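Pasting final-v1.cif here (mmCIF, C-alpha atoms):
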```
data_protein
loop_
_atom_site.label_atom_id
_atom_site.label_comp_id
_atom_site.auth_asym_id
_atom_site.auth_seq_id
_atom_site.Cartn_x
_atom_site.Cartn_y
_atom_site.Cartn_z
CA MET A 1 41.01 5.79 -83.29
CA ARG A 2 44.38 7.53 -83.56
CA ASN A 3 42.85 10.78 -82.25
CA GLY A 4 41.31 8.90 -79.35
CA ASN A 5 44.70 7.40 -78.41
CA GLN A 6 46.35 10.81 -78.66
CA ILE A 7 43.70 12.33 -76.39
CA THR A 8 44.26 9.54 -73.86
CA LYS A 9 48.02 10.08 -73.88
CA VAL A 10 47.65 13.84 -73.54
CA SER A 11 45.22 13.37 -70.64
CA ALA A 12 47.69 11.08 -68.89
CA ILE A 13 50.51 13.62 -69.35
CA LEU A 14 48.32 16.44 -68.05
CA ALA A 15 47.27 14.37 -65.04
CA ARG A 16 50.89 13.55 -64.19
CA THR A 17 51.91 17.18 -64.68
CA ALA A 18 49.08 18.33 -62.41
CA ALA A 19 50.16 15.84 -59.76
CA LEU A 20 53.75 17.07 -60.01
CA ALA A 21 52.60 20.67 -59.79
CA GLY A 22 50.52 19.83 -56.76
CA ALA A 23 53.47 18.19 -55.06
CA LEU A 24 55.71 21.19 -55.74
CA THR A 25 53.03 23.69 -54.69
CA GLY A 26 52.51 21.84 -51.43
CA ILE A 27 56.20 22.05 -50.65
CA LEU A 28 56.55 25.71 -51.61
CA ALA A 29 53.45 26.70 -49.64
CA GLY A 30 54.82 25.28 -46.38
CA THR A 31 55.74 27.70 -43.60
CA ALA A 32 58.95 25.78 -42.97
CA LEU A 33 60.50 25.04 -46.35
CA ALA A 34 62.42 21.80 -45.71
CA GLN A 35 63.06 20.95 -49.40
CA SER A 36 64.07 22.80 -52.50
CA PRO A 37 61.86 22.44 -55.62
CA LEU A 38 64.52 20.12 -57.07
CA GLU A 39 64.39 17.89 -53.98
CA ALA A 40 60.60 17.87 -54.15
CA LEU A 41 60.79 16.80 -57.81
CA GLN A 42 63.25 14.03 -56.95
CA GLN A 43 60.98 12.82 -54.13
CA PHE A 44 57.94 12.83 -56.43
CA ASN A 45 59.79 10.87 -59.12
CA GLN A 46 60.98 8.36 -56.50
CA ARG A 47 57.40 7.86 -55.27
CA ALA A 48 56.19 7.46 -58.86
CA GLU A 49 58.92 4.88 -59.43
CA TRP A 50 57.72 2.93 -56.37
CA GLU A 51 54.16 2.98 -57.70
CA ASP A 52 55.25 1.86 -61.18
CA ARG A 53 57.42 -0.88 -59.69
CA PHE A 54 54.57 -2.23 -57.51
CA ASP A 55 52.70 -3.73 -60.49
CA ALA A 56 55.90 -5.41 -61.66
CA THR A 57 56.36 -6.78 -58.14
CA LEU A 58 52.95 -8.43 -58.22
CA GLN A 59 53.83 -10.06 -61.54
CA ASP A 60 57.13 -11.29 -60.11
CA LEU A 61 55.33 -12.84 -57.13
CA GLN A 62 52.85 -14.60 -59.39
CA SER A 63 55.72 -16.08 -61.39
CA ILE A 64 56.95 -17.84 -58.24
CA LYS A 65 53.79 -19.93 -58.28
CA THR A 66 54.04 -22.90 -60.60
CA ALA A 67 51.69 -25.46 -62.10
CA THR A 68 54.18 -28.21 -61.25
CA PRO A 69 53.02 -30.22 -58.22
CA THR A 70 55.17 -30.26 -55.09
CA LEU A 71 55.31 -34.07 -55.34
CA ALA A 72 56.26 -34.12 -59.03
CA PRO A 73 58.96 -36.70 -59.86
CA GLN A 74 61.38 -33.95 -60.93
CA THR A 75 61.07 -32.01 -57.67
CA ALA A 76 63.80 -34.14 -56.10
CA GLU A 77 66.16 -33.05 -58.89
CA TYR A 78 65.33 -29.40 -58.27
CA VAL A 79 66.02 -29.88 -54.55
CA ALA A 80 69.37 -31.52 -55.34
CA SER A 81 70.32 -28.41 -57.33
CA ALA A 82 69.18 -26.23 -54.44
CA ILE A 83 71.40 -28.22 -52.09
CA ASN A 84 74.40 -27.35 -54.26
CA GLN A 85 73.37 -23.69 -54.21
CA TYR A 86 72.97 -23.56 -50.43
CA SER A 87 76.17 -25.54 -49.88
CA MET A 88 78.04 -22.73 -51.62
CA ILE A 89 76.25 -20.13 -49.49
CA VAL A 90 77.31 -22.00 -46.34
CA GLN A 91 80.88 -22.29 -47.59
CA ARG A 92 80.94 -18.53 -48.06
CA GLY A 93 79.97 -18.06 -44.43
CA GLY A 94 76.20 -18.05 -44.77
CA TRP A 95 74.31 -14.81 -44.27
CA GLU A 96 74.37 -12.22 -41.55
CA THR A 97 71.75 -11.78 -38.85
CA VAL A 98 69.44 -8.84 -39.45
CA PRO A 99 69.15 -6.76 -36.24
CA THR A 100 65.75 -6.15 -34.70
CA PRO A 101 64.55 -2.70 -35.80
CA GLY A 102 63.07 -0.27 -33.33
CA ARG A 103 60.02 0.06 -35.58
CA THR A 104 58.30 -1.83 -38.36
CA LEU A 105 60.15 -1.16 -41.61
CA ARG A 106 58.46 -0.90 -45.00
CA ILE A 107 58.89 0.90 -48.31
CA GLY A 108 59.92 4.53 -47.88
CA ALA A 109 61.78 3.97 -44.60
CA GLU A 110 65.32 5.20 -44.01
CA ASP A 111 67.16 3.13 -41.41
CA PRO A 112 70.69 1.69 -40.94
CA ILE A 113 69.14 -1.79 -40.55
CA VAL A 114 67.99 -1.64 -44.18
CA ALA A 115 71.62 -2.04 -45.28
CA SER A 116 71.81 -5.29 -43.30
CA LEU A 117 68.48 -6.40 -44.76
CA ARG A 118 69.79 -5.73 -48.27
CA ARG A 119 72.91 -7.86 -47.65
CA ARG A 120 70.74 -10.68 -46.28
CA LEU A 121 68.41 -10.63 -49.29
CA ILE A 122 71.35 -10.51 -51.70
CA ALA A 123 72.92 -13.54 -50.00
CA SER A 124 69.83 -15.68 -50.64
CA GLY A 125 69.33 -14.39 -54.18
CA ASP A 126 66.13 -12.46 -53.48
CA LEU A 127 67.79 -9.11 -54.23
CA GLU A 128 70.17 -8.49 -57.10
CA GLN A 129 73.78 -7.67 -56.21
CA GLN A 130 73.73 -4.39 -58.12
CA ALA A 131 70.90 -3.09 -55.91
CA GLY A 132 73.59 -2.03 -53.44
CA VAL A 133 73.50 -1.73 -49.67
CA SER A 134 72.10 1.73 -49.01
CA THR A 135 69.95 2.45 -45.97
CA THR A 136 66.86 3.29 -48.05
CA PHE A 137 63.97 0.83 -48.13
CA ASP A 138 63.17 1.37 -51.81
CA SER A 139 60.98 -0.54 -54.27
CA TYR A 140 63.75 -3.04 -54.99
CA VAL A 141 64.00 -4.00 -51.32
CA ASP A 142 60.20 -4.13 -51.17
CA SER A 143 60.07 -6.49 -54.15
CA ALA A 144 62.86 -8.68 -52.78
CA LEU A 145 61.30 -8.92 -49.33
CA ARG A 146 57.92 -9.86 -50.81
CA ARG A 147 59.62 -12.57 -52.85
CA PHE A 148 61.31 -13.86 -49.69
CA GLN A 149 57.97 -13.88 -47.88
CA VAL A 150 56.28 -15.86 -50.65
CA ARG A 151 59.11 -18.42 -50.62
CA HIS A 152 58.65 -18.88 -46.87
CA GLY A 153 54.87 -19.07 -46.83
CA LEU A 154 54.39 -15.65 -45.24
CA ILE A 155 51.90 -12.94 -46.14
CA PRO A 156 53.79 -10.93 -48.83
CA ASP A 157 53.14 -7.49 -47.38
CA GLY A 158 56.67 -6.14 -47.92
CA THR A 159 56.94 -5.32 -44.22
CA LEU A 160 59.87 -6.29 -41.99
CA GLY A 161 57.84 -7.53 -39.03
CA GLN A 162 58.68 -10.02 -36.29
CA THR A 163 57.66 -13.16 -38.20
CA THR A 164 59.57 -12.20 -41.34
CA LEU A 165 62.62 -11.20 -39.29
CA ALA A 166 62.59 -14.61 -37.57
CA ALA A 167 62.53 -16.40 -40.93
CA LEU A 168 65.34 -14.21 -42.28
CA ASN A 169 67.54 -15.09 -39.29
CA ILE A 170 67.37 -18.86 -39.54
CA PRO A 171 71.00 -19.75 -40.40
CA ALA A 172 71.97 -20.94 -43.88
CA ASP A 173 73.35 -24.24 -42.57
CA VAL A 174 69.96 -25.03 -40.99
CA ARG A 175 68.28 -24.35 -44.33
CA LEU A 176 70.81 -26.60 -46.04
CA ARG A 177 70.09 -29.49 -43.66
CA GLN A 178 66.38 -28.87 -44.18
CA LEU A 179 66.82 -29.35 -47.92
CA GLU A 180 68.83 -32.53 -47.37
CA THR A 181 66.14 -33.95 -45.06
CA ASN A 182 63.36 -33.19 -47.51
CA LEU A 183 65.26 -34.61 -50.46
CA VAL A 184 64.87 -38.03 -48.86
CA ARG A 185 61.14 -37.43 -48.29
CA LEU A 186 60.50 -36.25 -51.82
CA ARG A 187 62.31 -39.20 -53.35
CA SER A 188 60.13 -41.56 -51.34
CA LEU A 189 56.97 -39.74 -52.54
CA SER A 190 57.87 -39.51 -56.23
CA GLY A 191 56.13 -42.71 -57.33
CA ASP A 192 52.88 -43.07 -59.23
CA LEU A 193 50.42 -40.94 -57.25
CA GLY A 194 47.61 -41.22 -59.78
CA GLU A 195 46.26 -39.08 -62.62
CA ARG A 196 44.10 -37.14 -60.17
CA TYR A 197 44.92 -36.65 -56.51
CA VAL A 198 44.77 -34.22 -53.60
CA MET A 199 47.90 -33.37 -51.63
CA VAL A 200 47.90 -31.62 -48.26
CA ASN A 201 51.31 -30.23 -47.27
CA ILE A 202 50.95 -29.86 -43.50
CA PRO A 203 53.87 -27.46 -42.76
CA ALA A 204 52.85 -25.25 -45.70
CA ALA A 205 49.17 -25.41 -44.66
CA GLU A 206 48.39 -25.71 -48.36
CA ILE A 207 46.44 -28.09 -50.58
CA GLU A 208 47.05 -28.98 -54.22
CA ALA A 209 44.45 -30.55 -56.51
CA VAL A 210 46.50 -32.29 -59.20
CA GLN A 211 45.34 -33.59 -62.56
CA ASN A 212 47.51 -35.11 -65.29
CA GLY A 213 50.72 -33.92 -63.66
CA ARG A 214 49.66 -30.28 -63.28
CA VAL A 215 48.23 -28.35 -60.35
CA ARG A 216 44.62 -27.65 -61.18
CA SER A 217 44.07 -25.48 -58.08
CA ARG A 218 45.76 -24.56 -54.79
CA HIS A 219 43.92 -23.97 -51.54
CA THR A 220 45.10 -22.35 -48.34
CA ALA A 221 44.51 -24.65 -45.37
CA VAL A 222 44.37 -24.60 -41.59
CA VAL A 223 45.90 -27.72 -40.04
CA GLY A 224 46.48 -29.24 -36.61
CA LYS A 225 48.02 -27.51 -33.63
CA ILE A 226 51.36 -28.72 -32.32
CA ASP A 227 49.61 -30.69 -29.56
CA ARG A 228 46.85 -31.95 -31.91
CA GLN A 229 48.73 -32.80 -35.05
CA THR A 230 47.28 -33.58 -38.44
CA PRO A 231 48.42 -37.15 -39.21
CA ILE A 232 50.71 -38.04 -42.10
CA LEU A 233 49.02 -40.70 -44.23
CA ASN A 234 47.91 -41.88 -47.67
CA SER A 235 44.21 -42.48 -48.23
CA LYS A 236 41.29 -41.94 -50.62
CA VAL A 237 38.37 -39.53 -50.55
CA TYR A 238 35.15 -41.53 -50.73
CA GLU A 239 32.35 -39.17 -49.67
CA VAL A 240 31.24 -35.55 -49.46
CA ASN A 241 28.70 -34.40 -46.85
CA PHE A 242 26.72 -31.24 -47.61
CA ASN A 243 25.36 -29.18 -44.71
CA PRO A 244 26.70 -31.74 -42.23
CA TYR A 245 26.15 -32.25 -38.55
CA TRP A 246 29.34 -32.02 -36.51
CA THR A 247 29.81 -34.80 -33.99
CA VAL A 248 32.30 -33.53 -31.41
CA PRO A 249 35.26 -35.92 -30.98
CA VAL A 250 35.94 -37.24 -27.49
CA SER A 251 39.30 -35.45 -27.36
CA ILE A 252 37.60 -32.09 -27.95
CA ILE A 253 34.85 -32.88 -25.44
CA ARG A 254 37.53 -33.46 -22.83
CA LYS A 255 39.95 -30.66 -23.72
CA ASP A 256 37.58 -27.92 -24.85
CA LEU A 257 33.91 -28.53 -24.30
CA ILE A 258 33.96 -29.48 -20.60
CA PRO A 259 36.11 -26.44 -19.61
CA LYS A 260 33.87 -24.12 -21.67
CA MET A 261 30.71 -25.49 -20.02
CA LYS A 262 32.24 -24.84 -16.61
CA GLN A 263 32.78 -21.23 -17.61
CA ASP A 264 29.45 -20.74 -19.37
CA PRO A 265 26.59 -23.27 -18.99
CA GLN A 266 24.89 -21.70 -22.02
CA TYR A 267 27.81 -22.58 -24.32
CA LEU A 268 26.03 -25.57 -25.91
CA ALA A 269 22.83 -23.63 -26.56
CA LYS A 270 24.72 -20.66 -28.05
CA ASN A 271 26.55 -22.98 -30.45
CA LYS A 272 23.51 -25.17 -31.28
CA ILE A 273 25.13 -28.30 -29.88
CA ARG A 274 22.79 -31.01 -28.60
CA ILE A 275 23.51 -34.00 -26.35
CA PHE A 276 22.44 -37.59 -27.13
CA ASP A 277 23.00 -40.94 -25.48
CA TRP A 278 23.94 -43.92 -27.63
CA LYS A 279 20.26 -44.82 -28.10
CA ASN A 280 19.75 -41.39 -29.67
CA ASN A 281 17.79 -40.00 -26.74
CA GLU A 282 18.35 -36.28 -26.28
CA LEU A 283 19.58 -35.06 -22.88
CA SER A 284 19.78 -31.64 -21.24
CA TRP A 285 23.06 -30.18 -20.05
CA GLN A 286 21.79 -30.25 -16.45
CA GLN A 287 21.78 -34.07 -16.53
CA ILE A 288 25.60 -34.20 -16.78
CA ASP A 289 28.24 -33.75 -14.09
CA TRP A 290 30.59 -31.21 -15.67
CA ASN A 291 33.13 -31.61 -12.85
CA SER A 292 33.97 -35.09 -14.14
CA ASP A 293 34.59 -36.86 -17.47
CA GLU A 294 30.97 -38.02 -17.63
CA ALA A 295 30.36 -35.90 -20.74
CA THR A 296 32.76 -38.08 -22.75
CA LYS A 297 30.22 -40.93 -22.50
CA TYR A 298 27.71 -39.08 -24.69
CA GLN A 299 27.40 -37.74 -28.22
CA PHE A 300 27.56 -34.00 -28.78
CA ARG A 301 26.14 -33.01 -32.15
CA GLN A 302 26.16 -29.52 -33.68
CA ASP A 303 23.27 -28.73 -36.02
CA PRO A 304 23.97 -27.64 -39.62
CA GLY A 305 24.06 -23.91 -40.19
CA GLU A 306 26.22 -20.83 -40.42
CA ILE A 307 28.06 -21.45 -37.13
CA ASN A 308 28.61 -25.17 -37.68
CA SER A 309 32.30 -25.91 -37.13
CA LEU A 310 32.45 -27.87 -40.40
CA GLY A 311 30.90 -25.07 -42.43
CA ALA A 312 28.82 -26.29 -45.36
CA ILE A 313 30.99 -29.23 -46.50
CA ARG A 314 32.82 -32.18 -44.99
CA ILE A 315 35.13 -34.38 -47.11
CA ASN A 316 35.58 -37.91 -45.80
CA PHE A 317 38.57 -40.15 -46.42
CA HIS A 318 39.55 -43.52 -44.97
CA ASN A 319 41.60 -43.18 -41.75
CA THR A 320 41.72 -44.31 -38.13
CA HIS A 321 42.37 -40.82 -36.69
CA GLN A 322 38.82 -39.43 -37.00
CA VAL A 323 40.02 -36.57 -39.18
CA TYR A 324 38.67 -35.15 -42.43
CA LEU A 325 38.80 -32.10 -44.70
CA HIS A 326 36.09 -29.50 -44.25
CA ASP A 327 34.78 -25.98 -44.73
CA THR A 328 34.82 -23.52 -41.82
CA PRO A 329 32.90 -20.45 -40.66
CA SER A 330 36.21 -18.95 -39.44
CA LYS A 331 37.45 -17.67 -42.81
CA THR A 332 39.79 -15.05 -41.32
CA LEU A 333 42.29 -17.73 -40.26
CA PHE A 334 43.17 -18.30 -43.93
CA GLY A 335 44.67 -14.81 -44.10
CA THR A 336 47.30 -15.33 -41.39
CA ASP A 337 50.93 -16.50 -41.47
CA ASN A 338 50.38 -19.10 -38.74
CA ARG A 339 47.62 -21.52 -39.74
CA PHE A 340 48.03 -24.27 -37.17
CA HIS A 341 44.78 -23.99 -35.22
CA SER A 342 42.73 -27.13 -35.76
CA SER A 343 42.41 -30.28 -33.67
CA GLY A 344 43.85 -32.44 -36.47
CA CYS A 345 41.33 -31.97 -39.25
CA VAL A 346 42.10 -29.80 -42.29
CA ARG A 347 40.07 -26.68 -43.05
CA VAL A 348 39.99 -25.79 -46.74
CA GLN A 349 39.71 -22.34 -48.28
CA ASN A 350 37.48 -22.20 -51.39
CA VAL A 351 36.37 -25.73 -50.58
CA ARG A 352 33.55 -25.56 -53.13
CA ASP A 353 36.10 -25.41 -55.96
CA LEU A 354 37.86 -28.50 -54.62
CA VAL A 355 34.65 -30.47 -54.13
CA SER A 356 33.27 -29.49 -57.55
CA TRP A 357 36.46 -30.70 -59.19
CA MET A 358 36.35 -34.03 -57.34
CA LEU A 359 32.67 -34.63 -58.11
CA GLU A 360 32.48 -33.42 -61.73
CA SER A 361 34.59 -36.18 -63.25
CA THR A 362 33.91 -38.94 -60.74
CA THR A 363 30.20 -38.64 -59.96
CA PRO A 364 27.59 -38.02 -62.72
CA ASP A 365 25.18 -35.08 -62.49
CA TRP A 366 27.34 -33.12 -60.05
CA ASN A 367 28.86 -29.79 -61.04
CA ARG A 368 29.57 -26.42 -59.42
CA THR A 369 26.00 -25.21 -59.99
CA ARG A 370 24.54 -28.19 -58.15
CA VAL A 371 27.10 -27.85 -55.35
CA ASP A 372 26.14 -24.21 -54.80
CA GLN A 373 22.42 -24.97 -54.96
CA THR A 374 22.70 -27.81 -52.44
CA ILE A 375 24.48 -25.54 -49.98
CA ARG A 376 21.93 -22.75 -50.50
CA ASP A 377 19.06 -25.14 -49.85
CA GLY A 378 20.63 -26.05 -46.50
CA LEU A 379 19.49 -29.65 -46.78
CA ARG A 380 21.58 -32.58 -45.59
CA GLU A 381 22.96 -34.63 -48.46
CA ASP A 382 25.71 -37.25 -48.55
CA VAL A 383 27.34 -37.99 -51.90
CA LYS A 384 29.46 -41.11 -52.44
CA LEU A 385 32.17 -40.66 -55.06
CA LYS A 386 31.81 -43.21 -57.85
CA THR A 387 35.58 -43.15 -58.21
CA GLN A 388 37.57 -42.44 -55.05
CA VAL A 389 40.25 -39.74 -55.25
CA PRO A 390 43.72 -40.46 -53.78
CA LEU A 391 44.66 -38.18 -50.89
CA TYR A 392 48.14 -37.63 -49.47
CA LEU A 393 48.69 -35.86 -46.15
CA THR A 394 52.41 -35.07 -46.35
CA TYR A 395 55.10 -33.23 -44.42
CA VAL A 396 57.41 -31.27 -46.73
CA THR A 397 59.24 -28.27 -45.27
CA ALA A 398 61.57 -27.49 -48.20
CA TRP A 399 61.27 -27.91 -51.95
CA ALA A 400 62.28 -26.19 -55.19
CA ASN A 401 60.64 -25.29 -58.50
CA GLU A 402 61.87 -25.75 -62.05
CA ASP A 403 62.96 -22.09 -62.20
CA GLY A 404 65.27 -22.56 -59.21
CA THR A 405 62.97 -20.90 -56.65
CA VAL A 406 63.54 -22.56 -53.27
CA HIS A 407 60.69 -22.73 -50.73
CA PHE A 408 60.92 -23.26 -46.98
CA ARG A 409 58.29 -23.74 -44.30
CA GLU A 410 58.49 -23.87 -40.54
CA ASP A 411 59.11 -27.33 -39.09
CA ILE A 412 55.98 -26.89 -37.00
CA TYR A 413 55.92 -30.46 -35.63
CA ASN A 414 59.72 -30.67 -35.23
CA ARG A 415 59.98 -33.67 -37.56
CA ASP A 416 63.09 -32.39 -39.31
CA GLY A 417 65.08 -32.50 -36.06
CA LEU A 418 67.13 -29.48 -37.13
CA TYR A 419 66.88 -27.14 -34.17
CA GLY A 420 68.64 -29.09 -31.46
CA ASP A 421 71.75 -26.89 -31.57
CA VAL A 422 69.84 -23.64 -32.13
CA ALA A 423 67.26 -24.00 -29.36
CA GLU A 424 67.34 -20.30 -28.65
CA LEU A 425 66.20 -19.50 -32.18
CA GLN A 426 62.84 -17.73 -32.48
CA LEU A 427 60.89 -19.59 -35.15
CA PRO A 428 58.23 -17.92 -37.31
CA GLY A 429 54.83 -17.88 -35.69
CA GLN A 430 56.09 -18.50 -32.16
#
```
Same coordinates, now as structure tokens:
Amino acid sequence: MRNGNQITKVSAILARTAALAGALTGILAGTALAQSPLEALQQFNQRAEWEDRFDATLQDLQSIKTATPTLAPQTAEYVASAINQYSMIVQRGGWETVPTPGRTLRIGAEDPIVASLRRRLIASGDLEQQAGVSTTFDSYVDSALRRFQVRHGLIPDGTLGQTTLAALNIPADVRLRQLETNLVRLRSLSGDLGERYVMVNIPAAEIEAVQNGRVRSRHTAVVGKIDRQTPILNSKVYEVNFNPYWTVPVSIIRKDLIPKMKQDPQYLAKNKIRIFDWKNNELSWQQIDWNSDEATKYQFRQDPGEINSLGAIRINFHNTHQVYLHDTPSKTLFGTDNRFHSSGCVRVQNVRDLVSWMLESTTPDWNRTRVDQTIRDGLREDVKLKTQVPLYLTYVTAWANEDGTVHFREDIYNRDGLYGDVAELQLPGQ
């Protein structure tokens, strides 16, 4: 075993030496020798340091995630501590505005704006003070920027793009007021939420499945547009529909379906949507006057299948807004910074995990295997939960974890009322 380990170590050393030799040879073989061998060695070591640091960065980002629910009773205490921290930042003059770069900046870049970016990240505690304020976008800046992006609900790609720049340049005093506003919200939500519950944080476009005071799973979500907002409410999940029909709400018939039919009369056929009167008689699209609101008097039903707007699962909860949680065929939306695209309902990433968890301990004979098989079969099935699961659709734009990490999200529905005196500010995602 010892010999095997020694061989592995020797192989690693030889591989690294070969890579170094290749880097030096490539430099020396150039027709225009821009670097000395020493400079080439320094550059190689710097690149190797970036690569070594990248794994550590991923671990740091994972540590930001916590098993403590956003609505845990102690979250209000963590936010109160964060308010003290940000009050001191404001008293020191806040943080500077990072100028707009002439190009997208990422690791390896050399640019005067990087010095400003470093100072900004140091001010909010994402970058350590001893990292300095050079103009090099090194692995430490990369790690700090990724941490900032995670804290603000952005894709942690380590790139200084437009959305990240906008979040960086929201003033410290606005962030402080955001914390103060959410402290009141969190205190009002810190009661007994139940041993098992589902929480949808609308501004974060994120879902938590909570059991016994710990987050069992988190799910990326897509929530309502600014003009079609997901409602804030408390309810209970009572039913899961597998391979559901989608009955188009009247609001969508009026705002979306009628205009699309004017543009393309084959829209309904392409999307497998059928028309019924209230006696369940099927109609053809030619029987409707699309230049009026006549279509709103009928039912439009999309058949189950791969293109069904609800995907393979719909989760029903008691409410008067005609909204629900559901799967979606548009999976790519989960990988974007701005996830405010729905008409009020909530689309759930990895919805099978959420549904399996809800059914396993509340409804006998249901587990992940049966969930998957039911979806594969493509048959319609409605399952009533024997024990209903509490559901909270909340609006929290700032909170803090037990380790002192402070999170912010865009006030997408302008419920914080913080931007009245900074109307010219470009918000993330706009």
Segment 87-93 of chain A surroundings by only C-alpha atoms, 10 Å radius, close-in-sequence under 4 positions cut, as a PyMOL selection string: chain A and resi 81-83+123-124+171-177
Please report, as a Markdown table, each residue of segment 160-269 of chain A lying at most 6 Å from segment 343-358 of chain A, together with the nearest pair of atoms and the separation in Å rounded to one decimal; use only C-alpha atoms, and order rows by chain and ascending residue number.
```
| residue | atom | partner | partner_atom | distance |
| --- | --- | --- | --- | --- |
| A:His219 | CA | A:Gln349 | CA | 5.6 |
| A:Thr220 | CA | A:Gln349 | CA | 5.4 |
| A:Ala221 | CA | A:Val348 | CA | 4.9 |
| A:Val222 | CA | A:Arg347 | CA | 5.0 |
| A:Val223 | CA | A:Val346 | CA | 4.9 |
| A:Gly224 | CA | A:Gly344 | CA | 4.1 |
| A:Arg228 | CA | A:Ser343 | CA | 5.1 |
| A:Gln229 | CA | A:Gly344 | CA | 5.1 |
| A:Thr230 | CA | A:Gly344 | CA | 4.1 |
```
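Among A:Val383, A:Val250, A:Leu310, A:Ala167, the residue with the shortest atom-to-atom distance to Thr328 of chain A, counting only C-alpha atoms, is A:Leu310.
Going from atom CA of Lys386 of chain A over to atom CA of Lys236 of chain A, you cover 12.0 Å.
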Can you turn the PyMOL selection byres ((chain A and resi 240) around 12) into a concrete residue list for this file, as number ranges by chain? A: 236-239, 241-244, 310, 312-317, 324-327, 351-352, 354-356, 358-359, 363, 366, 371, 374, 380-386, 388-389
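Taking all atoms listed in the file into account, Arg415 of chain A lies nearest to A:Arg185 out of the set A:Gly311, A:Arg185, A:Asp365, A:Phe334.
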Centre and edge lengths of an axis-aligned box around all listed atoms of segment 390-393 of chain A, with 5 Å added on each side, are to be given in Å to one decimal, as JSON.
```
{"center_x": 46.2, "center_y": -38.2, "center_z": -50.0, "size_x": 15.0, "size_y": 14.6, "size_z": 17.6}
```
Using only C-alpha atoms, find all polymer residues with an atom at most 8 Å away from the point (59.0, -1.5, -38.4); report them as a list of chain:residue names. A:Pro101, A:Gly102, A:Arg103, A:Thr104, A:Leu105, A:Arg106, A:Thr159, A:Leu160, A:Gly161
Asp289 of chain A environment, 12 Å, only C-alpha atoms, sequence neighbours closer than 3 positions dropped, as JSON, numbers by chain: {"A": [258, 261, 262, 265, 284, 285, 286, 292, 293, 294, 295, 296, 297, 298]}
Selection above as a file: C-alpha atoms, as a CSV table (one decimal), keeping the file's coordinate frame:
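selection.csv, written as the output of this step:
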```
chain,number,residue,atom,x,y,z
A,258,ILE,CA,34.0,-29.5,-20.6
A,261,MET,CA,30.7,-25.5,-20.0
A,262,LYS,CA,32.2,-24.8,-16.6
A,265,PRO,CA,26.6,-23.3,-19.0
A,284,SER,CA,19.8,-31.6,-21.2
A,285,TRP,CA,23.1,-30.2,-20.0
A,286,GLN,CA,21.8,-30.2,-16.4
A,292,SER,CA,34.0,-35.1,-14.1
A,293,ASP,CA,34.6,-36.9,-17.5
A,294,GLU,CA,31.0,-38.0,-17.6
A,295,ALA,CA,30.4,-35.9,-20.7
A,296,THR,CA,32.8,-38.1,-22.8
A,297,LYS,CA,30.2,-40.9,-22.5
A,298,TYR,CA,27.7,-39.1,-24.7
```
